[in-house]
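Student: Pasting in a structure now, in structure tokens, and then I'll have a few things to ask.
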Amino acid sequence: MKPTRAARTSLGAIAALAIACLAGCSDAASPVAPEPAVQQPSDLEGDPGLGTQIAAVRAATAAFHDVNAAVGAGYTDPRGRVCDEIAIGAMGIHSGHFGLNSDQVIDPLRPEVLLYLPKPGGGFRLVAVEYVLFVLLRDPATGVVAPWTSPDPWPSDYEVVTPTPQLFGETFQGPMPGHFPGMPWHWDLHAWVWANNPNGLFAQWNPSLSCD
Ligand SMILES: [Cu+2]
């Protein structure tokens with residue numbers, strides 16, 4: 001999907017985040033000195049253009065290694081929240097941004113969700129970002145276009161009006177029901193920009209990580 005909102009992320013905003021990080025980052029990671037485990041451009045799904053794009057996502061989210069910076073930017077606080085993990089790997093704690101989730105725009109530099117893992121000694125490690133787009137449906141009887149929050153699928157005569165989103169050449173996964181009551185059906189795409197994922201940069205679960 002075309003990043004229709006890229007212009008909104010001004011250099012000034014990124015600079016402000018970088019300054020906030022310098023002042024308060026508890027984590028040593030930075031866009032100029034990524035952890036050794038982070039993917040190198042040669043690992044990025046075979047597309048040489050992705051190296052630049054993923055570097056831009058890292059630059060835009062580097063400040064969020066500091067949880068307080070993420071909360072200050074509008075993401076939910078990961079403290080005390082559930083870390084998602086299944087037998088094939090971890091996804092982490094989802095810190096969502098209500099405004100970004102609600103605006104029906106996918107901007108690679110403004111991910112809807114940050115994914116954190118609890119650190120053994122306390123604190124959190126930023127490992128990935130997740131892009132979310134709600135499915136919008138037209139009710140044929142009323143013409144009303146709205147998201148669908150029921151856990152059950154919509155009636156077969158409803159029309160999906162949002163095209164399936166793509167980003168970085170990847171098609172989002174879904175549509176899938178909300179992950180908690182009230183969250184609409186949606187598509188999503190995970191991008192492991194801050195931790196290596198042996199299953200691939202855009203895999204849902206990361207077998208090399210654990211919530212413990
Ligand atoms: Cu997720």
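Quick note on naming: the chains in the structure tokens go A, B, ... in the order shown, residues restart at 1 in each chain, and ligands are numbered from 1 in order of appearance.
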With only C-alpha atoms as the counted atoms, please give the residues lying no more than 7 Å from region 75-84 of chain A, apart from itself and same-chain residues fewer than 4 positions off, as a PyMOL selection string.

Tutor: chain A and resi 70-71+90-93+95-97+211

Student: Give me, as JSON lines, the closest atom pair and its distance (Å, one decimal) for every residue of chain A within a cut-off of 7 Å of ligand 1, counting only C-alpha atoms and all ligand atoms, rows sorted by chain and rising number.

Tutor:
```
{"residue": "A:Met91", "atom": "CA", "partner": "ligand 1", "partner_atom_place_in_ligand_line": "1 (Cu)", "distance": 5.7}
{"residue": "A:His94", "atom": "CA", "partner": "ligand 1", "partner_atom_place_in_ligand_line": "1 (Cu)", "distance": 6.4}
{"residue": "A:Glu130", "atom": "CA", "partner": "ligand 1", "partner_atom_place_in_ligand_line": "1 (Cu)", "distance": 6.3}
{"residue": "A:His190", "atom": "CA", "partner": "ligand 1", "partner_atom_place_in_ligand_line": "1 (Cu)", "distance": 6.4}
{"residue": "A:Gln204", "atom": "CA", "partner": "ligand 1", "partner_atom_place_in_ligand_line": "1 (Cu)", "distance": 6.6}
```

Student: Any chance you can output those residues with C-alpha atoms as a PDB file, in the first residue's frame?

Tutor:
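As written to disk, selection28.pdb reads:
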```pdb
ATOM      1  CA  MET A  91       5.099 -12.812  19.286  1.00  0.00           C
ATOM      2  CA  HIS A  94       1.433  -5.948  21.869  1.00  0.00           C
ATOM      3  CA  GLU A 130       3.094  -4.797  13.570  1.00  0.00           C
ATOM      4  CA  HIS A 190       4.506  -8.369  11.575  1.00  0.00           C
ATOM      5  CA  GLN A 204       3.942 -14.083  12.578  1.00  0.00           C
TER       6      GLN A 204
END
```

Student: Measuring atom to atom with only C-alpha atoms, identify which of A:Pro163, A:Pro184, A:Pro175, A:Gly169 is nearest to Ala146 (chain A).

Tutor: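 Of the candidates, the smallest distance to Ala146 (chain A) is held by A:Pro184.
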
Student: Measuring atom to atom with only C-alpha atoms, identify which of A:Val132, A:Ala62, A:Ala56, A:Pro111 is nearest to Gly174 (chain A).

Tutor: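 Of all the options, A:Val132 lies closest to Gly174 (chain A).
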
Student: Taking the DSSP secondary structure from the backbone, can you list the residues of region 18-171 of chain A that are strand (DSSP E), as a PyMOL selection string?

Tutor: chain A and resi 83-86+89-96+113-118+124-134+137-138+145-146+159-160+166-167+170-171

Student: Name all residues at most 12 Å from Leu189 (chain A) (count only C-alpha atoms; drop same-chain ones fewer than 5 positions away) and give them as a VMD selection string.

Tutor: chain A and resid 91 106 108 111 to 114 128 to 133 164 to 176 201 to 205

Student: When distances are computed from only C-alpha atoms, which of A:Val160, A:Asn68, A:Leu126, A:Asp212 shows the smallest separation from Pro140 (chain A)?

Tutor: A:Val160

Student: If we count only C-alpha atoms and set the cut-off at 12 Å, which residues sit around Leu209 (chain A), ignoring sequence neighbours fewer than 6 positions away in its own chain? Please answer as a list in words.

Tutor: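 Near Leu209 (chain A), the qualifying residues are Ala37, Cys83, Asp84, Glu85, Ile86, Ala87, Ile88, Gly89, Ala90, Met91, Gly92, Leu115, Tyr116, Leu117, Pro118, Lys119, Arg125, Leu126, Val127, Ala128, Trp192, Trp194, Ala195, Asn196, Asn197, Pro198 and Asn199 of chain A.
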
Student: Export, as a compact mmCIF listing (two decimals), in the first residue's frame, the selected residues with N, CA and C atoms.

Tutor:
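Contents of part_29.txt, as written:
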```
# COMPACT_ATOMS: atom_id res chain seq x y z
N ALA A 37 22.13 -9.54 16.28
CA ALA A 37 21.11 -10.49 15.85
C ALA A 37 20.18 -9.92 14.78
N CYS A 83 2.18 -11.48 27.37
CA CYS A 83 3.15 -11.73 26.30
C CYS A 83 2.66 -12.95 25.52
N ASP A 84 2.38 -12.78 24.22
CA ASP A 84 1.82 -13.86 23.41
C ASP A 84 2.91 -14.82 22.96
N GLU A 85 2.67 -16.10 23.22
CA GLU A 85 3.62 -17.15 22.85
C GLU A 85 2.84 -18.44 22.65
N ILE A 86 3.19 -19.19 21.59
CA ILE A 86 2.61 -20.51 21.38
C ILE A 86 3.75 -21.50 21.16
N ALA A 87 3.43 -22.74 20.86
CA ALA A 87 4.46 -23.77 20.78
C ALA A 87 5.52 -23.45 19.72
N ILE A 88 5.13 -22.76 18.64
CA ILE A 88 6.10 -22.52 17.56
C ILE A 88 6.89 -21.23 17.73
N GLY A 89 6.62 -20.47 18.80
CA GLY A 89 7.42 -19.28 19.01
C GLY A 89 6.68 -18.19 19.74
N ALA A 90 7.37 -17.06 19.92
CA ALA A 90 6.80 -15.92 20.63
C ALA A 90 6.43 -14.82 19.64
N MET A 91 5.45 -14.03 20.02
CA MET A 91 5.10 -12.81 19.29
C MET A 91 5.43 -11.61 20.17
N GLY A 92 5.22 -11.76 21.47
CA GLY A 92 5.57 -10.69 22.40
C GLY A 92 4.36 -9.98 22.96
N LEU A 115 6.07 -4.46 19.44
CA LEU A 115 6.13 -5.75 20.13
C LEU A 115 7.34 -5.79 21.03
N TYR A 116 7.08 -6.05 22.30
CA TYR A 116 8.13 -6.11 23.32
C TYR A 116 8.22 -7.50 23.93
N LEU A 117 9.44 -7.87 24.36
CA LEU A 117 9.63 -9.05 25.19
C LEU A 117 10.10 -8.59 26.55
N PRO A 118 9.60 -9.23 27.62
CA PRO A 118 10.13 -8.90 28.94
C PRO A 118 11.58 -9.36 29.04
N LYS A 119 12.43 -8.52 29.61
CA LYS A 119 13.83 -8.92 29.82
C LYS A 119 13.93 -9.70 31.12
N ARG A 125 12.37 -5.43 25.90
CA ARG A 125 13.18 -5.39 24.69
C ARG A 125 12.26 -5.24 23.49
N LEU A 126 12.43 -4.17 22.72
CA LEU A 126 11.66 -3.99 21.49
C LEU A 126 12.17 -4.96 20.44
N VAL A 127 11.28 -5.81 19.90
CA VAL A 127 11.73 -6.84 18.95
C VAL A 127 11.11 -6.70 17.56
N ALA A 128 9.94 -6.11 17.47
CA ALA A 128 9.25 -6.09 16.17
C ALA A 128 8.21 -4.97 16.16
N TRP A 192 9.91 -8.13 11.85
CA TRP A 192 10.88 -8.33 12.94
C TRP A 192 12.11 -7.47 12.66
N TRP A 194 13.76 -5.53 14.78
CA TRP A 194 14.71 -5.37 15.89
C TRP A 194 15.16 -6.70 16.49
N ALA A 195 14.83 -7.83 15.88
CA ALA A 195 15.31 -9.13 16.35
C ALA A 195 15.32 -10.08 15.17
N ASN A 196 16.30 -10.95 15.11
CA ASN A 196 16.35 -11.92 14.02
C ASN A 196 15.20 -12.91 14.16
N ASN A 197 14.55 -13.23 13.04
CA ASN A 197 13.53 -14.29 13.04
C ASN A 197 13.92 -15.32 11.98
N PRO A 198 14.33 -16.53 12.41
CA PRO A 198 14.75 -17.54 11.44
C PRO A 198 13.64 -17.93 10.47
N ASN A 199 12.38 -17.66 10.82
CA ASN A 199 11.27 -17.98 9.92
C ASN A 199 11.02 -16.88 8.88
```

Student: Given the choices A:Glu159, A:Pro151, A:Ala59, A:Gly200, which gets closest to Phe180 (chain A) if the distance is worked out from only C-alpha atoms?

Tutor: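 The answer is A:Pro151, which sits nearest to Phe180 (chain A).
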